[in-house]
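Enquirer: File final.csv below, CSV, C-alpha atoms:
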chain,number,residue,atom,x,y,z
K,1,MET,CA,249.3,3.8,362.7
K,2,ALA,CA,247.6,1.3,364.9
K,3,LYS,CA,249.3,-1.1,367.3
K,4,HIS,CA,249.7,-4.6,365.9
K,5,PRO,CA,248.1,-7.3,368.0
K,6,ASP,CA,251.6,-8.6,368.6
K,7,HIS,CA,252.3,-5.5,370.6
K,8,ALA,CA,251.3,-7.6,373.6
K,9,TYR,CA,254.7,-9.3,373.2
K,10,LEU,CA,256.4,-5.9,373.9
K,11,VAL,CA,254.3,-5.5,376.9
K,12,ALA,CA,255.3,-9.0,378.0
K,13,LEU,CA,259.0,-8.0,377.7
K,14,ARG,CA,258.3,-4.8,379.7
K,15,GLU,CA,256.5,-6.7,382.4
K,16,ASN,CA,258.6,-9.9,382.4
K,17,ASP,CA,255.6,-12.1,381.5
K,18,SER,CA,257.3,-15.4,381.2
K,19,ARG,CA,254.2,-17.2,379.8
K,20,LYS,CA,253.8,-14.8,376.9
K,21,LEU,CA,257.6,-14.8,376.3
K,22,GLU,CA,257.6,-18.6,376.1
K,23,GLU,CA,254.9,-18.2,373.5
K,24,LEU,CA,257.0,-15.7,371.6
K,25,TYR,CA,259.9,-18.1,371.7
K,26,ALA,CA,257.8,-21.0,370.5
K,27,ASN,CA,256.4,-19.0,367.6
K,28,CYS,CA,259.6,-17.3,366.3
K,29,SER,CA,262.6,-19.4,367.2
K,30,THR,CA,262.1,-22.3,364.8
K,31,GLY,CA,262.2,-20.0,361.7
K,32,ILE,CA,265.3,-18.2,363.0
K,33,VAL,CA,267.1,-21.6,363.6
K,34,ARG,CA,266.2,-22.8,360.1
K,35,TRP,CA,267.4,-19.5,358.5
K,36,VAL,CA,270.7,-19.5,360.4
K,37,ILE,CA,271.5,-23.1,359.6
K,38,ALA,CA,270.7,-22.4,355.9
K,39,ASN,CA,273.2,-19.6,356.1
K,40,ASN,CA,276.2,-21.5,357.4
K,41,GLY,CA,275.4,-21.2,361.1
K,42,THR,CA,274.5,-23.6,363.9
K,43,GLU,CA,271.5,-24.0,366.1
K,44,ALA,CA,273.5,-22.5,369.0
K,45,ASP,CA,274.3,-19.4,366.7
K,46,ALA,CA,270.6,-19.1,366.1
K,47,ARG,CA,269.6,-19.3,369.7
K,48,ASP,CA,272.2,-16.6,370.6
K,49,LEU,CA,270.9,-14.4,367.8
K,50,PHE,CA,267.4,-14.9,369.0
K,51,GLN,CA,268.4,-14.0,372.6
K,52,GLU,CA,270.2,-10.9,371.4
K,53,ALA,CA,267.1,-9.8,369.4
K,54,LEU,CA,265.0,-10.2,372.5
K,55,ILE,CA,267.4,-8.1,374.5
K,56,SER,CA,267.2,-5.4,371.8
K,57,LEU,CA,263.4,-5.6,371.8
K,58,HIS,CA,263.5,-5.4,375.6
K,59,GLY,CA,265.2,-2.0,375.4
K,60,SER,CA,262.8,-0.8,372.8
K,61,ALA,CA,259.8,-2.0,374.9
K,62,HIS,CA,260.9,0.4,377.6
K,63,LYS,CA,261.1,3.4,375.3
K,64,THR,CA,258.2,5.9,375.6
K,65,GLY,CA,256.0,5.8,372.5
K,66,PHE,CA,257.5,2.7,370.9
K,67,GLU,CA,254.6,0.7,369.4
K,68,LEU,CA,254.7,-2.5,367.3
K,69,THR,CA,253.0,-2.0,364.0
K,70,CYS,CA,254.0,-5.2,362.3
K,71,PRO,CA,254.1,-8.9,363.2
K,72,ILE,CA,256.7,-9.5,365.9
K,73,ASN,CA,258.2,-12.5,364.0
K,74,ALA,CA,259.0,-10.2,361.1
K,75,LEU,CA,260.8,-7.7,363.4
K,76,VAL,CA,262.7,-10.5,365.2
K,77,PHE,CA,263.7,-12.0,361.9
K,78,THR,CA,265.0,-8.7,360.6
K,79,ILE,CA,267.0,-8.0,363.8
K,80,CYS,CA,268.5,-11.5,363.7
K,81,ARG,CA,269.3,-11.3,360.0
K,82,ASN,CA,271.0,-7.9,360.4
K,83,GLN,CA,273.0,-9.2,363.4
K,84,TRP,CA,274.0,-12.3,361.4
K,85,VAL,CA,275.1,-10.3,358.4
K,86,ASN,CA,277.1,-8.0,360.6
K,87,GLN,CA,279.0,-10.9,362.2
Go ahead and render the structure in this file as structure tokens.
Expert:
Amino acid sequence: MAKHPDHAYLVALRENDSRKLEELYANCSTGIVRWVIANNGTEADARDLFQEALISLHGSAHKTGFELTCPINALVFTICRNQWVNQ
């Protein structure tokens, strides 16, 4: 399977590219905040979940052979949703 164009965000995590990471935050965080608030959480909860998702992705970005094959916002949302459900 081919790398998704959003794979560049994993590279940004690996290389600490703050400009690309700010772009990721701008593109993904709003949807996470809305979803968490709709599910009895707060904006602070959503920001914490988003941060935890990025930490998880950071670890994956450093694994040999890990390639993003879907939109990053779908992956971040899935990680956040799973974390929220587990809390």
Enquirer: What's around region 31-46 of chain K at 9 Å? Count all atoms listed in the file, leave out sequence neighbours fewer than 5 positions away in its own chain, and write the answer as a PDB file with C-alpha atoms, in the frame of the given file.
Expert:
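And here's selection35.pdb as it stands now:
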ATOM      1  CA  GLN K  51     268.400 -14.000 372.600  1.00  0.00           C
ATOM      2  CA  ASN K  73     258.200 -12.500 364.000  1.00  0.00           C
ATOM      3  CA  VAL K  76     262.700 -10.500 365.200  1.00  0.00           C
ATOM      4  CA  PHE K  77     263.700 -12.000 361.900  1.00  0.00           C
ATOM      5  CA  CYS K  80     268.500 -11.500 363.700  1.00  0.00           C
ATOM      6  CA  ARG K  81     269.300 -11.300 360.000  1.00  0.00           C
ATOM      7  CA  TRP K  84     274.000 -12.300 361.400  1.00  0.00           C
TER       8      TRP K  84
END
Enquirer: Can you list, as a VMD selection string, every protein, DNA or RNA residue that comes within 10 Å of Tyr25 (chain K) when you count all atoms listed in the file, leaving out same-chain residues fewer than 4 positions away?
Expert: chain K and resid 19 to 21 29 to 30 47 50 to 51 54 73
Enquirer: The selected residues should be written to file as a compact mmCIF listing (two decimals), in the frame of the given file (atoms: C-alpha atoms).
Expert:
# COMPACT_ATOMS: atom_id res chain seq x y z
CA ARG K 19 254.20 -17.20 379.80
CA LYS K 20 253.80 -14.80 376.90
CA LEU K 21 257.60 -14.80 376.30
CA SER K 29 262.60 -19.40 367.20
CA THR K 30 262.10 -22.30 364.80
CA ARG K 47 269.60 -19.30 369.70
CA PHE K 50 267.40 -14.90 369.00
CA GLN K 51 268.40 -14.00 372.60
CA LEU K 54 265.00 -10.20 372.50
CA ASN K 73 258.20 -12.50 364.00
Enquirer: Determine, counting only C-alpha atoms, which protein, DNA and RNA residues have an atom within 10 Å of an atom of region 1-13 of chain K; residues of the same chain fewer than 4 positions away are not included. Present the result as a list in words.
Expert: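 Near region 1-13 of chain K, the qualifying residues are Asp17, Ser18, Arg19, Lys20, Leu21, Glu23, Leu24, Leu54, Ile55, Leu57, His58, Gly59, Ser60, Ala61, His62, Phe66, Glu67, Leu68, Thr69, Cys70, Pro71, Ile72 and Asn73 of chain K.
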Enquirer: Could you tell me how far CA of Asn82 (chain K) lies from CA of Asn27 (chain K), in Å and to one decimal?
Expert: 19.7 Å
Enquirer: Hey, can you check how far CA of Asp48 (chain K) sits from CA of Cys28 (chain K)?
Expert: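 Going from CA of Asp48 (chain K) over to CA of Cys28 (chain K) covers 13.3 Å.
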Enquirer: I'd like the interatomic distance between CA of Val85 (chain K) and CA of Leu49 (chain K), to a tenth of an Å.
Expert: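 Interatomic distance, CA of Val85 (chain K) to CA of Leu49 (chain K): 11.1 Å.
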